[in-house]
>>> print(open('query19.txt').read())   # compact mmCIF, C-alpha atoms and all ligand atoms
# COMPACT_ATOMS: atom_id res chain seq x y z
CA GLU V 242 0.00 0.00 0.00
CA THR V 243 1.23 3.47 -0.85
CA PHE V 244 1.24 6.34 1.65
CA SER V 245 -1.57 8.15 -0.21
CA SER V 246 -3.88 5.15 -0.27
CA LEU V 247 -3.19 4.60 3.45
CA THR V 248 -4.11 8.24 4.05
CA GLN V 249 -7.27 7.95 1.96
CA ASN V 250 -8.33 4.87 3.92
CA TRP V 251 -7.66 6.64 7.22
CA ILE V 252 -9.73 9.66 6.10
CA LYS V 253 -12.61 7.37 5.10
CA GLY V 254 -12.43 5.66 8.49
CA HIS V 255 -12.17 8.94 10.47
CA PRO V 256 -14.12 11.62 8.53
CA ILE V 257 -14.66 13.96 11.51
CA TRP V 258 -10.99 13.86 12.58
CA ALA V 259 -9.91 14.42 8.98
CA ALA V 260 -12.18 17.47 8.67
CA MET V 261 -10.84 18.90 11.94
CA ILE V 262 -7.19 18.40 10.94
CA LEU V 263 -7.70 19.92 7.49
CA GLY V 264 -9.71 22.79 8.97
CA SER V 265 -7.14 23.65 11.63
CA GLY V 266 -4.41 23.37 8.99
CA ALA V 267 -6.22 25.99 6.91
CA VAL V 268 -6.64 28.25 9.96
CA PHE V 269 -2.94 27.83 10.81
CA ALA V 270 -1.90 28.66 7.23
CA SER V 271 -4.10 31.76 7.15
CA GLU V 272 -2.61 32.85 10.52
CA ILE V 273 0.88 32.63 9.00
CA ILE V 274 -0.20 34.60 5.94
CA TRP V 275 -1.93 37.23 8.13
CA SER V 276 1.07 37.67 10.42
CA GLY V 277 3.21 38.08 7.29
CA ILE V 278 0.91 40.84 6.04
CA LYS V 279 0.97 42.54 9.46
CA TYR V 280 4.79 42.35 9.58
CA VAL V 281 5.15 44.03 6.18
CA ARG V 282 2.45 46.58 7.02
CA ASP V 283 4.13 47.51 10.34
CA LYS V 284 7.55 47.81 8.67
CA PHE V 285 6.01 50.13 6.11
CA ARG V 286 4.24 52.12 8.81
CA ILE V 287 7.48 52.62 10.79
CA ALA V 288 9.25 53.75 7.61
CA LYS V 289 6.50 56.29 7.03
CA ASN V 290 6.35 57.40 10.65
CA HIS V 291 7.73 60.91 10.43
CA VAL V 292 6.13 62.15 13.63
CA LEU V 293 7.92 60.59 16.59
CA ALA V 294 5.82 62.06 19.39
CA VAL V 295 3.07 64.55 20.16
CA LEU V 296 3.40 66.13 23.60
CA VAL V 297 0.22 67.75 24.87
CA PHE V 298 0.30 70.17 27.78
CA ASN V 299 -2.87 71.10 29.64
CA GLU V 300 -4.41 71.63 33.07
CA LYS V 301 -3.54 68.00 33.91
CA SER V 302 0.20 68.39 33.23
CA VAL V 303 1.08 69.15 36.86
CA ILE V 304 -1.41 67.00 38.82
CA CYS V 305 1.39 64.48 39.49
CA ALA V 306 4.01 67.12 40.44
CA ASP V 307 4.06 66.19 44.16
CA LYS V 308 4.68 62.51 43.40
CA HIS V 309 7.68 63.45 41.24
CA LYS V 310 9.02 65.69 44.02
CA ILE V 311 8.87 62.84 46.56
CA ASN V 312 10.30 60.20 44.21
CA ARG V 313 12.61 61.18 41.37
CA ASN V 314 12.07 57.80 39.70
CA TYR V 315 8.28 57.87 40.01
CA GLN V 316 6.78 55.87 37.12
CA CYS V 317 4.06 58.29 36.07
CA SER V 318 1.04 57.17 34.06
CA ASN V 319 -0.17 60.73 33.35
CA LYS V 320 0.09 61.15 29.58
CA TYR V 321 0.13 64.95 29.92
CA CYS V 322 2.86 64.88 32.59
CA LYS V 323 5.15 67.92 32.54
CA GLU V 324 8.04 65.91 33.99
CA LYS V 325 7.78 63.19 31.34
CA HIS V 326 7.54 65.74 28.53
CA LEU V 327 10.55 67.61 29.89
CA ARG V 328 12.53 64.37 30.17
CA ILE V 329 11.80 63.61 26.50
CA LEU V 330 13.16 67.03 25.46
CA VAL V 331 16.24 66.68 27.68
CA ASN V 332 16.86 63.19 26.23
CA LEU V 333 16.71 64.61 22.71
CA ILE V 334 19.31 67.24 23.63
CA ASP V 335 21.43 64.57 25.37
CA ARG V 336 21.45 62.27 22.32
CA ALA V 337 22.44 65.03 19.86
CA GLU V 338 25.98 64.67 18.51
CA TYR V 339 26.67 67.65 16.26
CA SER V 340 24.34 70.62 16.34
CA ILE V 341 21.41 72.18 18.16
CA ASP V 342 19.70 75.22 16.64
CA ILE V 343 16.98 76.78 18.77
CA ALA V 344 14.62 79.58 17.73
CA MET V 345 12.60 80.35 20.83
CA TYR V 346 10.75 83.37 22.15
CA THR V 347 12.34 82.66 25.54
CA VAL V 348 13.83 79.88 27.69
CA THR V 349 13.45 79.68 31.48
CA ILE V 350 13.70 75.96 32.30
CA PHE V 351 16.84 75.06 34.30
CA ALA V 352 16.82 71.42 33.15
CA ILE V 353 17.04 72.63 29.53
CA THR V 354 19.88 75.03 30.42
CA ASP V 355 21.75 72.15 32.08
CA ALA V 356 21.23 69.85 29.10
CA LEU V 357 22.50 72.58 26.74
CA LYS V 358 25.55 73.18 28.96
CA HIS V 359 26.31 69.45 28.75
CA ALA V 360 25.89 69.60 24.96
CA ILE V 361 28.47 72.42 24.80
CA ALA V 362 30.78 70.33 27.01
CA ARG V 363 30.39 67.43 24.55
CA GLY V 364 31.61 69.74 21.79
CA LEU V 365 28.31 70.41 20.05
CA ASN V 366 27.63 73.60 18.13
CA VAL V 367 24.64 75.22 19.85
CA ARG V 368 22.94 78.36 18.49
CA LEU V 369 19.94 80.22 19.88
CA ILE V 370 17.78 82.93 18.34
CA TYR V 371 15.56 84.63 20.94
CA ASP V 372 13.36 87.67 21.36
CA LYS V 373 15.17 90.70 22.78
CA GLU V 374 12.14 91.86 24.79
CA MET V 375 12.16 88.55 26.65
CA MET V 376 15.87 88.70 27.52
CA VAL V 377 15.09 90.83 30.59
CA CYS V 378 12.07 88.74 31.54
CA SER V 379 12.35 87.06 34.95
CA GLY V 380 14.00 83.66 34.85
CA SER V 381 15.43 84.14 31.37
CA GLN V 382 18.30 81.71 30.83
CA ILE V 383 19.66 83.49 27.75
CA GLU V 384 22.55 85.29 29.51
CA ILE V 385 23.56 82.11 31.33
CA LEU V 386 23.49 80.12 28.09
CA ASP V 387 25.55 82.84 26.39
CA LYS V 388 28.16 82.64 29.18
CA HIS V 389 28.37 78.88 28.79
CA GLY V 390 29.19 78.93 25.09
CA VAL V 391 25.80 78.89 23.39
CA GLN V 392 25.92 81.33 20.47
CA VAL V 393 22.99 83.72 20.88
CA ARG V 394 21.48 86.28 18.52
CA ALA V 395 18.25 88.29 18.54
CA PRO V 396 16.52 90.46 15.96
CA ALA V 397 16.58 94.18 16.78
CA ASN V 398 13.59 95.43 18.74
CA THR V 399 10.74 96.68 16.64
CA ALA V 400 7.43 98.04 17.83
CA THR V 401 5.32 95.30 16.32
CA ALA V 402 7.31 92.20 15.37
CA LEU V 403 8.18 89.38 17.75
CA MET V 404 10.68 86.54 17.35
CA HIS V 405 7.85 84.20 18.21
CA HIS V 406 9.14 80.82 17.00
CA LYS V 407 9.25 77.81 19.31
CA PHE V 408 11.35 75.28 17.46
CA CYS V 409 14.60 73.39 17.75
CA VAL V 410 16.50 71.48 15.07
CA LEU V 411 18.94 68.81 16.26
CA ASP V 412 21.61 67.22 14.04
CA SER V 413 20.08 68.27 10.72
CA SER V 414 21.96 66.77 7.78
CA SER V 415 22.81 70.15 6.20
CA ARG V 416 24.20 71.42 9.50
CA ILE V 417 26.26 68.25 10.07
CA LYS V 418 27.71 68.70 6.59
CA GLU V 419 28.54 72.36 7.33
CA LEU V 420 30.24 71.50 10.61
CA THR V 421 32.07 68.30 9.67
CA GLY V 422 32.24 68.34 5.88
CA LYS V 423 30.69 64.89 5.99
CA GLN V 424 27.60 63.90 4.05
CA GLN V 425 25.25 61.99 6.32
CA THR V 426 24.16 58.77 4.68
CA ASN V 427 21.83 58.03 7.57
CA ASN V 428 19.43 60.87 8.35
CA SER V 429 17.85 59.12 11.32
CA ARG V 430 19.74 61.44 13.69
CA SER V 431 17.91 64.56 12.54
CA ILE V 432 15.08 65.77 14.76
CA LEU V 433 12.77 68.77 14.77
CA VAL V 434 10.90 69.89 17.89
CA SER V 435 8.18 72.45 17.17
CA GLY V 436 4.85 73.60 18.53
CA SER V 437 3.20 76.26 20.64
CA ALA V 438 5.23 75.79 23.83
CA ASN V 439 8.22 77.92 24.75
CA TRP V 440 10.72 76.12 26.96
CA THR V 441 9.38 77.94 30.00
CA GLN V 442 7.97 76.94 33.38
CA GLN V 443 4.77 78.76 32.43
CA ALA V 444 4.24 76.77 29.22
CA PHE V 445 4.91 73.44 30.92
CA SER V 446 2.90 74.05 34.10
CA GLY V 447 -0.75 74.19 33.15
CA ASN V 448 -0.85 76.12 29.87
CA TRP V 449 -2.69 74.51 26.99
CA GLU V 450 0.16 73.85 24.57
CA ASN V 451 1.54 71.32 22.10
CA THR V 452 5.01 70.17 21.12
CA VAL V 453 5.49 67.82 18.17
CA ILE V 454 8.69 65.87 17.53
CA TYR V 455 9.38 65.20 13.85
CA ALA V 456 11.87 63.03 11.97
CA ASP V 457 10.70 64.14 8.52
CA LYS V 458 13.66 65.15 6.34
CA ALA V 459 11.75 67.68 4.23
CA VAL V 460 10.12 69.40 7.22
CA ILE V 461 13.43 69.50 9.11
CA ALA V 462 15.15 71.06 6.07
CA CYS V 463 12.50 73.85 5.92
CA PHE V 464 13.06 74.79 9.56
CA GLN V 465 16.87 74.55 9.27
CA ASN V 466 16.78 76.82 6.19
CA GLU V 467 14.70 79.42 7.99
CA PHE V 468 16.94 79.24 11.06
CA ASP V 469 20.03 79.75 8.87
CA ARG V 470 18.34 82.61 7.01
CA ILE V 471 17.46 84.48 10.24
CA TRP V 472 20.87 83.73 11.79
CA LYS V 473 22.75 85.18 8.80
CA SER V 474 20.52 88.28 8.82
CA LEU V 475 21.47 89.16 12.43
ZN ZN P 501 3.89 62.83 36.12
>>> encode(input="query19.txt", output="structure tokens", more="lines below")
Ligand SMILES: [Zn+2]
Amino acid sequence: ETFSSLTQNWIKGHPIWAAMILGSGAVFASEIIWSGIKYVRDKFRIAKNHVLAVLVFNEKSVICADKHKINRNYQCSNKYCKEKHLRILVNLIDRAEYSIDIAMYTVTIFAITDALKHAIARGLNVRLIYDKEMMVCSGSQIEILDKHGVQVRAPANTATALMHHKFCVLDSSSRIKELTGKQQTNNSRSILVSGSANWTQQAFSGNWENTVIYADKAVIACFQNEFDRIWKSL
């Protein structure tokens, strides 16, 4: 007897078992095909994912503040948490390797100042364009940053116009090329942080604000170009 005739005889003798085995085989095969589709789809989605994070600030951003004060390593589940958002920004500054260009109405957050000081110590090129009116504002970190090696420039005061940007470009490919002469083959380093929030205590502590973190090459290039244009004009 051949294997196939043995199989046929077994199927005839056990029709219900045969149906169950064939059925589960089909389910198993379709599971494999489906997980293959999901794998490819997720890969594609990651490749297209040009927004890395959306940080939302609102009246709930400081409800967990006391818990963070008591325990520095508090694992917070508040998705609007000021401390978590701030840590994300500090981590972005900490992971930068070449350049940080900031155009910001004003900066008053000590943790950001510290992270920028560390960046200078690591040898990064850090530039800041700010609004002159805000330089004298209480808590302004601009003078301190200037003293620690951050290059700072501000447009001249005018009656009506504000330097109102709130963005930061980290390790953009054009800037890396300018600073090192090297063409980046891998653009995954480049990051843009932009939104409504200044890097101030006020913005992070109950204001309704947004900060979006982008990895999109074209968007990053637009912001870097505008930063360079303003910088050269000052
Ligand atoms: Zn929290």
>>> residues_around(input="query19.txt", residues="stretch 451-458 of chain V", least_positions_apart="3", cutoff="7 Å", atoms="only C-alpha atoms", output="PyMOL selection string")
chain V and resi 291-298+431-438+461-462
>>> closest_atom_pairs(input="query19.txt", of="chain V", to="ligand ZN 501 (chain P)", cutoff="12 Å", atoms="only C-alpha atoms and all ligand atoms", output="tab-separated table")
residue	atom	partner	partner_atom	distance
V:Phe298	CA	P:ZN501	ZN	11.7
V:Lys301	CA	P:ZN501	ZN	9.3
V:Ser302	CA	P:ZN501	ZN	7.3
V:Val303	CA	P:ZN501	ZN	7.0
V:Ile304	CA	P:ZN501	ZN	7.3
V:Cys305	CA	P:ZN501	ZN	4.5
V:Ala306	CA	P:ZN501	ZN	6.1
V:Asp307	CA	P:ZN501	ZN	8.7
V:Lys308	CA	P:ZN501	ZN	7.3
V:His309	CA	P:ZN501	ZN	6.4
V:Lys310	CA	P:ZN501	ZN	9.8
V:Ile311	CA	P:ZN501	ZN	11.6
V:Asn312	CA	P:ZN501	ZN	10.7
V:Arg313	CA	P:ZN501	ZN	10.3
V:Asn314	CA	P:ZN501	ZN	10.2
V:Tyr315	CA	P:ZN501	ZN	7.7
V:Gln316	CA	P:ZN501	ZN	7.6
V:Cys317	CA	P:ZN501	ZN	4.5
V:Ser318	CA	P:ZN501	ZN	6.7
V:Asn319	CA	P:ZN501	ZN	5.3
V:Lys320	CA	P:ZN501	ZN	7.7
V:Tyr321	CA	P:ZN501	ZN	7.6
V:Cys322	CA	P:ZN501	ZN	4.2
V:Lys323	CA	P:ZN501	ZN	6.3
V:Glu324	CA	P:ZN501	ZN	5.6
V:Lys325	CA	P:ZN501	ZN	6.2
V:His326	CA	P:ZN501	ZN	8.9
V:Leu327	CA	P:ZN501	ZN	10.3
V:Arg328	CA	P:ZN501	ZN	10.6
V:Phe445	CA	P:ZN501	ZN	11.9
V:Ser446	CA	P:ZN501	ZN	11.4
>>> closest_residue(input="query19.txt", among="V:Val377, V:Leu386, V:Ile343, V:Ile471", to="V:Phe408", atoms="only C-alpha atoms")
V:Ile343
>>> axis_aligned_box(input="query19.txt", around="stretch 391-397 of chain V", padding_each_side="6 Å", output="AutoDock Vina command-line options")
--center_x 21.2 --center_y 86.5 --center_z 19.7 --size_x 21.4 --size_y 27.3 --size_z 19.4
>>> atom_distance(input="query19.txt", atom1="atom CA of V:Asn466", atom2="atom CA of V:Arg416")
9.8 Å
>>> residues_around(input="query19.txt", residues="V:Asp387", least_positions_apart="3", cutoff="12 Å", atoms="all atoms listed in the file", output="MDAnalysis selection string")
chainID V and resid 354 357:358 361 367:371 376 381:384 390:394
>>> atom_distance(input="query19.txt", atom1="atom CA of V:His255", atom2="atom CA of V:Ser271")
24.4 Å
>>> atom_distance(input="query19.txt", atom1="atom CA of V:Asp335", atom2="atom CA of V:Phe464")
20.6 Å
>>> closest_residue(input="query19.txt", among="V:Met375, V:Ile273, V:Leu365, V:Ala260", to="V:Tyr339", atoms="only C-alpha atoms")
V:Leu365
>>> closest_residue(input="query19.txt", among="V:Asn332, V:Asn366, V:Gln249, V:Ser474", to="V:Glu419", atoms="all atoms listed in the file")
V:Asn366
>>> closest_residue(input="query19.txt", among="V:Val460, V:Ala397, V:Leu333, V:Leu420", to="V:Lys373", atoms="all atoms listed in the file")
V:Ala397
>>> residues_near_point(input="query19.txt", point="(10.6, 92.1, 17.6)", cutoff="10 Å", atoms="all atoms listed in the file", output="ChimeraX atom specification")
/V:346,371-375,395-405
>>> closest_residue(input="query19.txt", among="V:Ile350, V:Ile417, V:Cys409, V:Cys463", to="V:Thr441", atoms="all atoms listed in the file")
V:Ile350
>>> closest_residue(input="query19.txt", among="V:His359, V:Asp412, V:Glu300, V:Gln425", to="V:Ala444", atoms="all atoms listed in the file")
V:Glu300
